[in-house]
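K.L.:
Just one file: work.pdb, with PDB, C-alpha atoms.
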```pdb
ATOM      1  CA  MET A   1       0.746  48.040 -31.817  1.00  0.00           C
ATOM      2  CA  ASN A   2      -1.399  45.664 -33.865  1.00  0.00           C
ATOM      3  CA  ARG A   3      -2.315  42.343 -32.262  1.00  0.00           C
ATOM      4  CA  PRO A   4      -0.604  39.326 -33.887  1.00  0.00           C
ATOM      5  CA  SER A   5      -2.760  37.242 -36.180  1.00  0.00           C
ATOM      6  CA  ARG A   6      -4.922  34.545 -34.641  1.00  0.00           C
ATOM      7  CA  ALA A   7      -2.852  31.900 -36.456  1.00  0.00           C
ATOM      8  CA  THR A   8       0.314  33.251 -34.851  1.00  0.00           C
ATOM      9  CA  ARG A   9      -1.288  33.380 -31.428  1.00  0.00           C
ATOM     10  CA  LEU A  10      -2.527  29.807 -31.873  1.00  0.00           C
ATOM     11  CA  GLU A  11       0.975  28.522 -32.570  1.00  0.00           C
ATOM     12  CA  GLU A  12       2.382  30.475 -29.647  1.00  0.00           C
ATOM     13  CA  ALA A  13      -0.312  29.172 -27.319  1.00  0.00           C
ATOM     14  CA  PHE A  14       0.364  25.568 -28.315  1.00  0.00           C
ATOM     15  CA  ALA A  15       4.065  26.126 -27.770  1.00  0.00           C
ATOM     16  CA  ALA A  16       3.479  27.709 -24.355  1.00  0.00           C
ATOM     17  CA  LEU A  17       1.034  25.170 -22.876  1.00  0.00           C
ATOM     18  CA  PRO A  18      -1.334  23.045 -25.004  1.00  0.00           C
ATOM     19  CA  LEU A  19      -3.884  22.542 -22.246  1.00  0.00           C
ATOM     20  CA  ILE A  20      -7.418  23.893 -22.652  1.00  0.00           C
ATOM     21  CA  ALA A  21      -9.158  25.025 -19.478  1.00  0.00           C
ATOM     22  CA  ILE A  22     -12.807  23.957 -19.774  1.00  0.00           C
ATOM     23  CA  LEU A  23     -14.763  26.081 -17.311  1.00  0.00           C
ATOM     24  CA  ARG A  24     -18.148  24.384 -17.461  1.00  0.00           C
ATOM     25  CA  GLY A  25     -20.576  26.014 -15.048  1.00  0.00           C
ATOM     26  CA  LEU A  26     -18.524  29.180 -14.578  1.00  0.00           C
ATOM     27  CA  LYS A  27     -20.592  32.225 -13.607  1.00  0.00           C
ATOM     28  CA  PRO A  28     -19.670  35.749 -14.736  1.00  0.00           C
ATOM     29  CA  GLU A  29     -19.041  36.808 -11.138  1.00  0.00           C
ATOM     30  CA  GLU A  30     -16.372  34.087 -10.836  1.00  0.00           C
ATOM     31  CA  VAL A  31     -14.370  35.243 -13.839  1.00  0.00           C
ATOM     32  CA  GLY A  32     -12.304  37.820 -11.958  1.00  0.00           C
ATOM     33  CA  GLY A  33     -10.982  35.164  -9.600  1.00  0.00           C
ATOM     34  CA  VAL A  34     -10.642  32.100 -11.818  1.00  0.00           C
ATOM     35  CA  ALA A  35      -9.309  33.507 -15.087  1.00  0.00           C
ATOM     36  CA  PRO A  36      -6.228  35.296 -13.670  1.00  0.00           C
ATOM     37  CA  VAL A  37      -5.023  32.264 -11.696  1.00  0.00           C
ATOM     38  CA  LEU A  38      -5.235  30.113 -14.806  1.00  0.00           C
ATOM     39  CA  TYR A  39      -3.303  32.681 -16.806  1.00  0.00           C
ATOM     40  CA  GLU A  40      -0.662  32.968 -14.087  1.00  0.00           C
ATOM     41  CA  ALA A  41      -0.269  29.172 -14.105  1.00  0.00           C
ATOM     42  CA  GLY A  42       0.469  29.320 -17.831  1.00  0.00           C
ATOM     43  CA  PHE A  43      -2.862  28.514 -19.470  1.00  0.00           C
ATOM     44  CA  ARG A  44      -3.369  30.186 -22.840  1.00  0.00           C
ATOM     45  CA  PHE A  45      -6.583  28.403 -23.907  1.00  0.00           C
ATOM     46  CA  ILE A  46      -9.761  29.249 -21.979  1.00  0.00           C
ATOM     47  CA  GLU A  47     -13.128  27.727 -22.903  1.00  0.00           C
ATOM     48  CA  VAL A  48     -16.522  28.449 -21.373  1.00  0.00           C
ATOM     49  CA  PRO A  49     -19.083  25.846 -22.505  1.00  0.00           C
ATOM     50  CA  LEU A  50     -22.345  27.341 -23.681  1.00  0.00           C
ATOM     51  CA  ASN A  51     -24.369  25.260 -21.226  1.00  0.00           C
ATOM     52  CA  SER A  52     -22.874  27.383 -18.428  1.00  0.00           C
ATOM     53  CA  PRO A  53     -24.799  30.263 -16.792  1.00  0.00           C
ATOM     54  CA  ASP A  54     -24.604  33.394 -18.987  1.00  0.00           C
ATOM     55  CA  PRO A  55     -21.672  31.996 -20.988  1.00  0.00           C
ATOM     56  CA  PHE A  56     -21.359  34.857 -23.452  1.00  0.00           C
ATOM     57  CA  ASP A  57     -21.067  37.325 -20.570  1.00  0.00           C
ATOM     58  CA  SER A  58     -18.277  35.230 -19.053  1.00  0.00           C
ATOM     59  CA  ILE A  59     -16.479  34.967 -22.387  1.00  0.00           C
ATOM     60  CA  ARG A  60     -16.661  38.727 -22.870  1.00  0.00           C
ATOM     61  CA  LEU A  61     -15.312  39.338 -19.377  1.00  0.00           C
ATOM     62  CA  ILE A  62     -12.442  36.873 -19.836  1.00  0.00           C
ATOM     63  CA  ARG A  63     -11.556  38.346 -23.221  1.00  0.00           C
ATOM     64  CA  ASP A  64     -11.453  41.837 -21.704  1.00  0.00           C
ATOM     65  CA  LEU A  65      -9.490  40.674 -18.670  1.00  0.00           C
ATOM     66  CA  LEU A  66      -6.732  38.509 -20.136  1.00  0.00           C
ATOM     67  CA  PRO A  67      -3.922  39.517 -22.517  1.00  0.00           C
ATOM     68  CA  ALA A  68      -4.165  38.891 -26.240  1.00  0.00           C
ATOM     69  CA  ASP A  69      -1.862  35.857 -26.063  1.00  0.00           C
ATOM     70  CA  THR A  70      -4.758  33.937 -24.479  1.00  0.00           C
ATOM     71  CA  LEU A  71      -7.224  32.319 -26.875  1.00  0.00           C
ATOM     72  CA  VAL A  72     -10.686  32.641 -25.352  1.00  0.00           C
ATOM     73  CA  GLY A  73     -13.926  31.167 -26.572  1.00  0.00           C
ATOM     74  CA  ALA A  74     -16.811  28.774 -26.146  1.00  0.00           C
ATOM     75  CA  GLY A  75     -17.321  25.072 -25.829  1.00  0.00           C
ATOM     76  CA  THR A  76     -20.407  23.005 -26.582  1.00  0.00           C
ATOM     77  CA  VAL A  77     -20.978  25.119 -29.696  1.00  0.00           C
ATOM     78  CA  THR A  78     -23.653  23.443 -31.811  1.00  0.00           C
ATOM     79  CA  ARG A  79     -25.062  26.106 -34.163  1.00  0.00           C
ATOM     80  CA  PRO A  80     -23.617  28.610 -36.670  1.00  0.00           C
ATOM     81  CA  ALA A  81     -25.587  31.386 -34.925  1.00  0.00           C
ATOM     82  CA  GLU A  82     -23.488  30.814 -31.811  1.00  0.00           C
ATOM     83  CA  VAL A  83     -20.353  31.320 -33.879  1.00  0.00           C
ATOM     84  CA  GLU A  84     -21.726  34.686 -34.976  1.00  0.00           C
ATOM     85  CA  ARG A  85     -22.168  35.753 -31.357  1.00  0.00           C
ATOM     86  CA  LEU A  86     -18.577  34.784 -30.593  1.00  0.00           C
ATOM     87  CA  VAL A  87     -17.332  36.884 -33.496  1.00  0.00           C
ATOM     88  CA  GLY A  88     -19.075  39.870 -31.950  1.00  0.00           C
ATOM     89  CA  LEU A  89     -17.214  39.267 -28.683  1.00  0.00           C
ATOM     90  CA  ASP A  90     -13.802  39.129 -30.403  1.00  0.00           C
ATOM     91  CA  ALA A  91     -13.513  35.546 -29.179  1.00  0.00           C
ATOM     92  CA  ASP A  92     -11.003  33.116 -30.657  1.00  0.00           C
ATOM     93  CA  LEU A  93     -12.125  29.558 -29.948  1.00  0.00           C
ATOM     94  CA  VAL A  94     -15.027  27.437 -31.127  1.00  0.00           C
ATOM     95  CA  VAL A  95     -14.929  24.063 -29.380  1.00  0.00           C
ATOM     96  CA  MET A  96     -17.565  21.492 -30.254  1.00  0.00           C
ATOM     97  CA  PRO A  97     -18.750  18.164 -28.835  1.00  0.00           C
ATOM     98  CA  HIS A  98     -19.358  16.877 -32.358  1.00  0.00           C
ATOM     99  CA  ALA A  99     -18.227  17.370 -35.963  1.00  0.00           C
ATOM    100  CA  ASP A 100     -21.059  19.271 -37.645  1.00  0.00           C
ATOM    101  CA  THR A 101     -19.351  20.604 -40.775  1.00  0.00           C
ATOM    102  CA  ALA A 102     -21.755  23.560 -41.034  1.00  0.00           C
ATOM    103  CA  VAL A 103     -20.549  24.854 -37.673  1.00  0.00           C
ATOM    104  CA  ILE A 104     -16.907  24.143 -38.512  1.00  0.00           C
ATOM    105  CA  ARG A 105     -17.170  26.028 -41.804  1.00  0.00           C
ATOM    106  CA  ALA A 106     -18.895  28.961 -40.110  1.00  0.00           C
ATOM    107  CA  ALA A 107     -16.053  29.197 -37.593  1.00  0.00           C
ATOM    108  CA  ALA A 108     -13.332  28.808 -40.216  1.00  0.00           C
ATOM    109  CA  ASP A 109     -14.962  31.378 -42.513  1.00  0.00           C
ATOM    110  CA  ALA A 110     -15.045  33.829 -39.586  1.00  0.00           C
ATOM    111  CA  GLY A 111     -11.356  33.234 -38.890  1.00  0.00           C
ATOM    112  CA  LEU A 112     -11.943  31.553 -35.538  1.00  0.00           C
ATOM    113  CA  VAL A 113     -10.014  28.541 -34.266  1.00  0.00           C
ATOM    114  CA  CYS A 114     -12.335  25.548 -34.422  1.00  0.00           C
ATOM    115  CA  MET A 115     -11.732  22.341 -32.474  1.00  0.00           C
ATOM    116  CA  PRO A 116     -14.594  19.935 -33.218  1.00  0.00           C
ATOM    117  CA  GLY A 117     -15.174  16.726 -31.325  1.00  0.00           C
ATOM    118  CA  ILE A 118     -14.436  13.525 -33.226  1.00  0.00           C
ATOM    119  CA  ALA A 119     -14.363   9.837 -32.374  1.00  0.00           C
ATOM    120  CA  THR A 120     -13.728   8.193 -35.764  1.00  0.00           C
ATOM    121  CA  PRO A 121     -11.433   8.669 -38.778  1.00  0.00           C
ATOM    122  CA  THR A 122     -14.451   9.534 -40.919  1.00  0.00           C
ATOM    123  CA  GLU A 123     -15.359  12.421 -38.613  1.00  0.00           C
ATOM    124  CA  ALA A 124     -11.730  13.474 -38.389  1.00  0.00           C
ATOM    125  CA  PHE A 125     -11.196  13.772 -42.144  1.00  0.00           C
ATOM    126  CA  ALA A 126     -14.518  15.547 -42.656  1.00  0.00           C
ATOM    127  CA  ALA A 127     -13.701  18.026 -39.888  1.00  0.00           C
ATOM    128  CA  LEU A 128     -10.267  18.798 -41.289  1.00  0.00           C
ATOM    129  CA  ALA A 129     -11.721  19.290 -44.784  1.00  0.00           C
ATOM    130  CA  ALA A 130     -14.250  21.762 -43.328  1.00  0.00           C
ATOM    131  CA  GLY A 131     -11.507  23.856 -41.731  1.00  0.00           C
ATOM    132  CA  ALA A 132     -10.835  22.453 -38.259  1.00  0.00           C
ATOM    133  CA  ALA A 133      -7.626  23.751 -36.697  1.00  0.00           C
ATOM    134  CA  ALA A 134      -7.293  20.805 -34.293  1.00  0.00           C
ATOM    135  CA  LEU A 135      -9.383  17.806 -33.325  1.00  0.00           C
ATOM    136  CA  LYS A 136     -10.918  17.209 -29.920  1.00  0.00           C
ATOM    137  CA  ILE A 137     -10.915  13.478 -29.175  1.00  0.00           C
ATOM    138  CA  PHE A 138     -14.178  13.019 -27.328  1.00  0.00           C
ATOM    139  CA  PRO A 139     -14.979  11.210 -25.187  1.00  0.00           C
ATOM    140  CA  ALA A 140     -11.423  10.202 -24.340  1.00  0.00           C
ATOM    141  CA  GLU A 141     -12.737   7.486 -22.018  1.00  0.00           C
ATOM    142  CA  MET A 142     -14.048   5.732 -25.148  1.00  0.00           C
ATOM    143  CA  VAL A 143     -11.350   6.669 -27.680  1.00  0.00           C
ATOM    144  CA  GLY A 144      -8.259   5.605 -25.785  1.00  0.00           C
ATOM    145  CA  PRO A 145      -4.538   5.742 -26.644  1.00  0.00           C
ATOM    146  CA  PRO A 146      -4.494   2.649 -28.929  1.00  0.00           C
ATOM    147  CA  VAL A 147      -7.286   4.101 -31.083  1.00  0.00           C
ATOM    148  CA  ILE A 148      -5.606   7.503 -31.176  1.00  0.00           C
ATOM    149  CA  LYS A 149      -2.333   5.916 -32.255  1.00  0.00           C
ATOM    150  CA  ALA A 150      -4.142   4.123 -35.091  1.00  0.00           C
ATOM    151  CA  MET A 151      -5.821   7.366 -36.181  1.00  0.00           C
ATOM    152  CA  ARG A 152      -2.511   9.226 -36.253  1.00  0.00           C
ATOM    153  CA  ALA A 153      -1.173   6.658 -38.723  1.00  0.00           C
ATOM    154  CA  VAL A 154      -3.699   7.785 -41.346  1.00  0.00           C
ATOM    155  CA  LEU A 155      -4.385  11.440 -40.527  1.00  0.00           C
ATOM    156  CA  PRO A 156      -2.349  14.193 -42.220  1.00  0.00           C
ATOM    157  CA  ALA A 157       1.026  14.802 -40.621  1.00  0.00           C
ATOM    158  CA  GLY A 158       0.854  17.546 -38.031  1.00  0.00           C
ATOM    159  CA  THR A 159      -2.826  17.018 -37.161  1.00  0.00           C
ATOM    160  CA  ARG A 160      -3.277  18.068 -33.559  1.00  0.00           C
ATOM    161  CA  LEU A 161      -5.326  15.693 -31.423  1.00  0.00           C
ATOM    162  CA  LEU A 162      -6.508  16.745 -27.969  1.00  0.00           C
ATOM    163  CA  PRO A 163      -8.263  14.177 -25.765  1.00  0.00           C
ATOM    164  CA  VAL A 164     -11.095  15.498 -23.613  1.00  0.00           C
ATOM    165  CA  GLY A 165     -13.013  13.621 -20.949  1.00  0.00           C
ATOM    166  CA  GLY A 166     -11.736  12.234 -17.678  1.00  0.00           C
ATOM    167  CA  ILE A 167      -8.204  13.601 -18.073  1.00  0.00           C
ATOM    168  CA  THR A 168      -6.219  13.984 -14.859  1.00  0.00           C
ATOM    169  CA  PRO A 169      -2.515  14.601 -14.243  1.00  0.00           C
ATOM    170  CA  ALA A 170      -2.136  10.868 -13.606  1.00  0.00           C
ATOM    171  CA  THR A 171      -3.778   9.763 -16.885  1.00  0.00           C
ATOM    172  CA  MET A 172      -1.921  11.999 -19.334  1.00  0.00           C
ATOM    173  CA  ASP A 173       1.116   9.796 -19.994  1.00  0.00           C
ATOM    174  CA  PRO A 174      -0.459   7.004 -22.121  1.00  0.00           C
ATOM    175  CA  PHE A 175      -2.089   9.605 -24.353  1.00  0.00           C
ATOM    176  CA  LEU A 176       1.175  11.479 -24.754  1.00  0.00           C
ATOM    177  CA  LYS A 177       2.894   8.258 -25.777  1.00  0.00           C
ATOM    178  CA  ALA A 178       0.177   7.847 -28.424  1.00  0.00           C
ATOM    179  CA  GLY A 179       1.200  11.222 -29.862  1.00  0.00           C
ATOM    180  CA  VAL A 180      -1.461  13.685 -28.746  1.00  0.00           C
ATOM    181  CA  ALA A 181      -0.697  17.405 -28.952  1.00  0.00           C
ATOM    182  CA  GLY A 182      -2.416  18.458 -25.724  1.00  0.00           C
ATOM    183  CA  PHE A 183      -5.538  18.017 -23.644  1.00  0.00           C
ATOM    184  CA  GLY A 184      -8.850  19.588 -22.731  1.00  0.00           C
ATOM    185  CA  LEU A 185      -9.285  19.676 -18.965  1.00  0.00           C
ATOM    186  CA  GLY A 186     -12.675  19.647 -17.310  1.00  0.00           C
ATOM    187  CA  SER A 187     -13.789  18.785 -13.801  1.00  0.00           C
ATOM    188  CA  ALA A 188     -10.314  17.772 -12.613  1.00  0.00           C
ATOM    189  CA  LEU A 189      -9.332  21.405 -13.167  1.00  0.00           C
ATOM    190  CA  TYR A 190     -12.512  23.329 -12.378  1.00  0.00           C
ATOM    191  CA  LYS A 191     -15.958  22.569 -11.004  1.00  0.00           C
ATOM    192  CA  PRO A 192     -18.760  25.105 -10.504  1.00  0.00           C
ATOM    193  CA  GLY A 193     -18.266  27.099  -7.335  1.00  0.00           C
ATOM    194  CA  MET A 194     -14.752  25.783  -6.720  1.00  0.00           C
ATOM    195  CA  ASP A 195     -12.553  27.928  -4.504  1.00  0.00           C
ATOM    196  CA  VAL A 196      -9.997  29.969  -6.443  1.00  0.00           C
ATOM    197  CA  ASP A 197      -7.131  28.494  -4.435  1.00  0.00           C
ATOM    198  CA  ALA A 198      -8.284  24.996  -5.384  1.00  0.00           C
ATOM    199  CA  VAL A 199      -8.425  25.984  -9.049  1.00  0.00           C
ATOM    200  CA  ALA A 200      -4.891  27.357  -8.781  1.00  0.00           C
ATOM    201  CA  ALA A 201      -3.653  24.144  -7.156  1.00  0.00           C
ATOM    202  CA  ASN A 202      -5.316  21.980  -9.804  1.00  0.00           C
ATOM    203  CA  ALA A 203      -3.904  24.153 -12.576  1.00  0.00           C
ATOM    204  CA  GLN A 204      -0.399  23.859 -11.172  1.00  0.00           C
ATOM    205  CA  ALA A 205      -0.726  20.076 -10.876  1.00  0.00           C
ATOM    206  CA  PHE A 206      -1.601  19.830 -14.578  1.00  0.00           C
ATOM    207  CA  VAL A 207       1.195  22.186 -15.589  1.00  0.00           C
ATOM    208  CA  ASP A 208       3.707  20.215 -13.530  1.00  0.00           C
ATOM    209  CA  ALA A 209       2.502  16.932 -15.052  1.00  0.00           C
ATOM    210  CA  TRP A 210       2.759  18.334 -18.564  1.00  0.00           C
ATOM    211  CA  LYS A 211       6.249  19.703 -18.025  1.00  0.00           C
ATOM    212  CA  ALA A 212       7.464  16.493 -16.368  1.00  0.00           C
ATOM    213  CA  ARG A 213       6.347  14.390 -19.322  1.00  0.00           C
ATOM    214  CA  GLN A 214       7.988  16.724 -21.814  1.00  0.00           C
ATOM    215  CA  ARG A 215      11.460  16.346 -20.325  1.00  0.00           C
ATOM    216  CA  PRO A 216      13.866  14.036 -22.179  1.00  0.00           C
TER     217      PRO A 216
END
```
Take the structure in this file and express it as structure tokens.
P.N.:
Amino acid sequence: MNRPSRATRLEEAFAALPLIAILRGLKPEEVGGVAPVLYEAGFRFIEVPLNSPDPFDSIRLIRDLLPADTLVGAGTVTRPAEVERLVGLDADLVVMPHADTAVIRAAADAGLVCMPGIATPTEAFAALAAGAAALKIFPAEMVGPPVIKAMRAVLPAGTRLLPVGGITPATMDPFLKAGVAGFGLGSALYKPGMDVDAVAANAQAFVDAWKARQRP
């Protein structure tokens, strides 16, 4: 059976759980423990930042290990050449700390899901014009809920905004009230060398917080 298109899998992943697991510092030998517990908790977005040890090896291992309904890729992508390497791994995600339109276009042209980092409306509109699939609000500690709410008033309807930076289960609610579509989760979910049971507990805490805030 053919795998569904990446666009279809993106919509399904957002519908399932719009939380991106940012595994900064993950080592390839940790993949077999960490990736399955995240999948079992419901995560369908897995990102390994490129300033991690042997990140492309970890991405390849995660892509081979997890089902196709998981979108797997890299964070801290800063160059078009890195996009090319991800294409060769059958990766899905290109997550950026900035809004370099050359990188965004390279990802979009390759059919990958690109989530560039933005902090201003100017960056947001330029990123969308270059082919961004969603916008990473970064750093969320600086671009808080009032700013996000103001941005949403001028951005195209349906633009997905995902705050990243300092997000915990306890800090999600104000952002949700501002209309964000999901979150990128870093050290509150995973830190280098963290015990797998601790990762599982953190993952469940985020899932529970997300589900609680989605109830009427």
K.L.:
Show me, as a list of chain:residue names, the residues that have an atom within 10 Å of Ile137 (chain A) when counting only C-alpha atoms, minus same-chain residues fewer than 5 positions from it.
P.N.:
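Once the adjacent positions are removed, what remains is A:Pro97, A:His98, A:Met115, A:Pro116, A:Gly117, A:Ile118, A:Ala119, A:Thr120, A:Ala124, A:Met142, A:Val143, A:Gly144, A:Ile148, A:Arg160, A:Leu161, A:Leu162, A:Pro163, A:Val164, A:Gly165, A:Val180, A:Phe183, A:Gly184.
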K.L.:
Take the residues from that selection and write them out as a short mmCIF file (atom, residue, chain, number, x, y, z; two decimals), keeping the file's coordinate frame, keeping C-alpha atoms.
P.N.:
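Below you can see result.cif, which holds the result:
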```
data_model
loop_
_atom_site.label_atom_id
_atom_site.label_comp_id
_atom_site.auth_asym_id
_atom_site.auth_seq_id
_atom_site.Cartn_x
_atom_site.Cartn_y
_atom_site.Cartn_z
CA PRO A 97 -18.75 18.16 -28.84
CA HIS A 98 -19.36 16.88 -32.36
CA MET A 115 -11.73 22.34 -32.47
CA PRO A 116 -14.59 19.93 -33.22
CA GLY A 117 -15.17 16.73 -31.32
CA ILE A 118 -14.44 13.52 -33.23
CA ALA A 119 -14.36 9.84 -32.37
CA THR A 120 -13.73 8.19 -35.76
CA ALA A 124 -11.73 13.47 -38.39
CA MET A 142 -14.05 5.73 -25.15
CA VAL A 143 -11.35 6.67 -27.68
CA GLY A 144 -8.26 5.60 -25.78
CA ILE A 148 -5.61 7.50 -31.18
CA ARG A 160 -3.28 18.07 -33.56
CA LEU A 161 -5.33 15.69 -31.42
CA LEU A 162 -6.51 16.74 -27.97
CA PRO A 163 -8.26 14.18 -25.76
CA VAL A 164 -11.10 15.50 -23.61
CA GLY A 165 -13.01 13.62 -20.95
CA VAL A 180 -1.46 13.68 -28.75
CA PHE A 183 -5.54 18.02 -23.64
CA GLY A 184 -8.85 19.59 -22.73
#
```
K.L.:
Written as a VMD selection string, which residues does the PyMOL selection byres ((chain A and resi 11) around 12) give for the file shown?
P.N.:
chain A and resid 4 to 10 12 to 18 44 to 45 69 to 71 113 133 to 134 160 181
K.L.:
Could you check which residues have any atom within 12 Å of (-21.1, 28.5, -24.0), counting all atoms listed in the file with coordinates taken straight from the file, and then list them as a ChimeraX atom specification?
P.N.:
/A:22-28,46-60,72-79,82-83,85-86,91,93-97
K.L.:
Print the selection's residues with C-alpha atoms to a file, as a short mmCIF file (atom, residue, chain, number, x, y, z; two decimals), keeping the file's coordinate frame.
P.N.:
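Below is the file that was written, selection21.cif:
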```
data_model
loop_
_atom_site.label_atom_id
_atom_site.label_comp_id
_atom_site.auth_asym_id
_atom_site.auth_seq_id
_atom_site.Cartn_x
_atom_site.Cartn_y
_atom_site.Cartn_z
CA ILE A 22 -12.81 23.96 -19.77
CA LEU A 23 -14.76 26.08 -17.31
CA ARG A 24 -18.15 24.38 -17.46
CA GLY A 25 -20.58 26.01 -15.05
CA LEU A 26 -18.52 29.18 -14.58
CA LYS A 27 -20.59 32.22 -13.61
CA PRO A 28 -19.67 35.75 -14.74
CA ILE A 46 -9.76 29.25 -21.98
CA GLU A 47 -13.13 27.73 -22.90
CA VAL A 48 -16.52 28.45 -21.37
CA PRO A 49 -19.08 25.85 -22.50
CA LEU A 50 -22.34 27.34 -23.68
CA ASN A 51 -24.37 25.26 -21.23
CA SER A 52 -22.87 27.38 -18.43
CA PRO A 53 -24.80 30.26 -16.79
CA ASP A 54 -24.60 33.39 -18.99
CA PRO A 55 -21.67 32.00 -20.99
CA PHE A 56 -21.36 34.86 -23.45
CA ASP A 57 -21.07 37.33 -20.57
CA SER A 58 -18.28 35.23 -19.05
CA ILE A 59 -16.48 34.97 -22.39
CA ARG A 60 -16.66 38.73 -22.87
CA VAL A 72 -10.69 32.64 -25.35
CA GLY A 73 -13.93 31.17 -26.57
CA ALA A 74 -16.81 28.77 -26.15
CA GLY A 75 -17.32 25.07 -25.83
CA THR A 76 -20.41 23.00 -26.58
CA VAL A 77 -20.98 25.12 -29.70
CA THR A 78 -23.65 23.44 -31.81
CA ARG A 79 -25.06 26.11 -34.16
CA GLU A 82 -23.49 30.81 -31.81
CA VAL A 83 -20.35 31.32 -33.88
CA ARG A 85 -22.17 35.75 -31.36
CA LEU A 86 -18.58 34.78 -30.59
CA ALA A 91 -13.51 35.55 -29.18
CA LEU A 93 -12.12 29.56 -29.95
CA VAL A 94 -15.03 27.44 -31.13
CA VAL A 95 -14.93 24.06 -29.38
CA MET A 96 -17.57 21.49 -30.25
CA PRO A 97 -18.75 18.16 -28.84
#
```
K.L.:
Around the point (-0.9, 23.5, -16.5) (coordinates from the file), which residues reach within 10 Å if we count all atoms listed in the file? Answer as a ChimeraX atom specification.
P.N.:
/A:16-21,38-44,169,185,189,200-211
K.L.:
Extending 8 Å beyond the listed atoms of region 13-26 of chain A on each side, what axis-aligned box results? I want centre and edge lengths in Å to one decimal, as JSON.
P.N.:
```
{"center_x": -8.3, "center_y": 25.9, "center_z": -21.4, "size_x": 40.6, "size_y": 22.6, "size_z": 29.7}
```
K.L.:
Please write the residues picked by the PyMOL selection byres ((chain A and resi 188) around 8) on this file as a VMD selection string.
P.N.:
chain A and resid 166 to 168 185 to 187 189 to 191 202
K.L.:
So, counting all atoms listed in the file, which residue among A:Pro192, A:Gly182, A:Gly32, A:Pro146 is closest to Asp64 (chain A)?
P.N.:
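That would be A:Gly32, the residue with the smallest distance to Asp64 (chain A).
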K.L.:
Quick one: which residues end up in the PyMOL selection byres ((chain A and resi 149) around 9) for this structure, as an NGL selection string?
P.N.:
:A and (144-148 or 150-153 or 175 or 177-180)
K.L.:
Looking at A:Phe125, A:Glu141, A:Thr171, A:Pro80, which one is nearest to Pro156 (chain A), with distances taken over only C-alpha atoms?
P.N.:
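Under the stated criterion, the closest residue is A:Phe125.
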K.L.:
From the list A:Val199, A:Cys114, A:Val87, A:Gly158, which residue is nearest Ala130 (chain A) when using only C-alpha atoms?
P.N.:
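Using only C-alpha atoms, the shortest distance to Ala130 (chain A) belongs to A:Cys114.
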K.L.:
Could you add N, CA, C and O atoms to region 95-105 of chain A and give me the result as a PDB file, in the coordinates of the input?
P.N.:
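File produced: selection_28.pdb:
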```pdb
ATOM      1  N   VAL A  95     -15.156  25.463 -29.731  1.00  0.00           N
ATOM      2  CA  VAL A  95     -14.929  24.063 -29.380  1.00  0.00           C
ATOM      3  C   VAL A  95     -16.279  23.355 -29.385  1.00  0.00           C
ATOM      4  O   VAL A  95     -17.258  23.849 -28.835  1.00  0.00           O
ATOM      5  N   MET A  96     -16.312  22.189 -30.015  1.00  0.00           N
ATOM      6  CA  MET A  96     -17.565  21.492 -30.254  1.00  0.00           C
ATOM      7  C   MET A  96     -17.536  20.091 -29.666  1.00  0.00           C
ATOM      8  O   MET A  96     -16.472  19.474 -29.607  1.00  0.00           O
ATOM      9  N   PRO A  97     -18.704  19.553 -29.292  1.00  0.00           N
ATOM     10  CA  PRO A  97     -18.750  18.164 -28.835  1.00  0.00           C
ATOM     11  C   PRO A  97     -18.875  17.183 -29.985  1.00  0.00           C
ATOM     12  O   PRO A  97     -18.796  15.966 -29.777  1.00  0.00           O
ATOM     13  N   HIS A  98     -19.082  17.711 -31.189  1.00  0.00           N
ATOM     14  CA  HIS A  98     -19.358  16.877 -32.358  1.00  0.00           C
ATOM     15  C   HIS A  98     -18.634  17.470 -33.562  1.00  0.00           C
ATOM     16  O   HIS A  98     -17.814  18.381 -33.420  1.00  0.00           O
ATOM     17  N   ALA A  99     -18.951  16.959 -34.760  1.00  0.00           N
ATOM     18  CA  ALA A  99     -18.227  17.370 -35.963  1.00  0.00           C
ATOM     19  C   ALA A  99     -19.170  17.852 -37.050  1.00  0.00           C
ATOM     20  O   ALA A  99     -19.034  17.488 -38.223  1.00  0.00           O
ATOM     21  N   ASP A 100     -20.126  18.687 -36.680  1.00  0.00           N
ATOM     22  CA  ASP A 100     -21.059  19.271 -37.645  1.00  0.00           C
ATOM     23  C   ASP A 100     -20.279  20.195 -38.579  1.00  0.00           C
ATOM     24  O   ASP A 100     -19.775  21.244 -38.160  1.00  0.00           O
ATOM     25  N   THR A 101     -20.188  19.833 -39.851  1.00  0.00           N
ATOM     26  CA  THR A 101     -19.351  20.604 -40.775  1.00  0.00           C
ATOM     27  C   THR A 101     -19.900  22.002 -41.031  1.00  0.00           C
ATOM     28  O   THR A 101     -19.133  22.907 -41.373  1.00  0.00           O
ATOM     29  N   ALA A 102     -21.200  22.216 -40.852  1.00  0.00           N
ATOM     30  CA  ALA A 102     -21.755  23.560 -41.034  1.00  0.00           C
ATOM     31  C   ALA A 102     -21.200  24.510 -39.978  1.00  0.00           C
ATOM     32  O   ALA A 102     -20.867  25.666 -40.266  1.00  0.00           O
ATOM     33  N   VAL A 103     -21.095  24.030 -38.747  1.00  0.00           N
ATOM     34  CA  VAL A 103     -20.549  24.854 -37.673  1.00  0.00           C
ATOM     35  C   VAL A 103     -19.058  25.072 -37.877  1.00  0.00           C
ATOM     36  O   VAL A 103     -18.536  26.175 -37.693  1.00  0.00           O
ATOM     37  N   ILE A 104     -18.351  24.021 -38.275  1.00  0.00           N
ATOM     38  CA  ILE A 104     -16.907  24.143 -38.512  1.00  0.00           C
ATOM     39  C   ILE A 104     -16.634  25.159 -39.609  1.00  0.00           C
ATOM     40  O   ILE A 104     -15.755  26.024 -39.468  1.00  0.00           O
ATOM     41  N   ARG A 105     -17.382  25.078 -40.695  1.00  0.00           N
ATOM     42  CA  ARG A 105     -17.170  26.028 -41.804  1.00  0.00           C
ATOM     43  C   ARG A 105     -17.493  27.450 -41.377  1.00  0.00           C
ATOM     44  O   ARG A 105     -16.802  28.392 -41.758  1.00  0.00           O
TER      45      ARG A 105
END
```
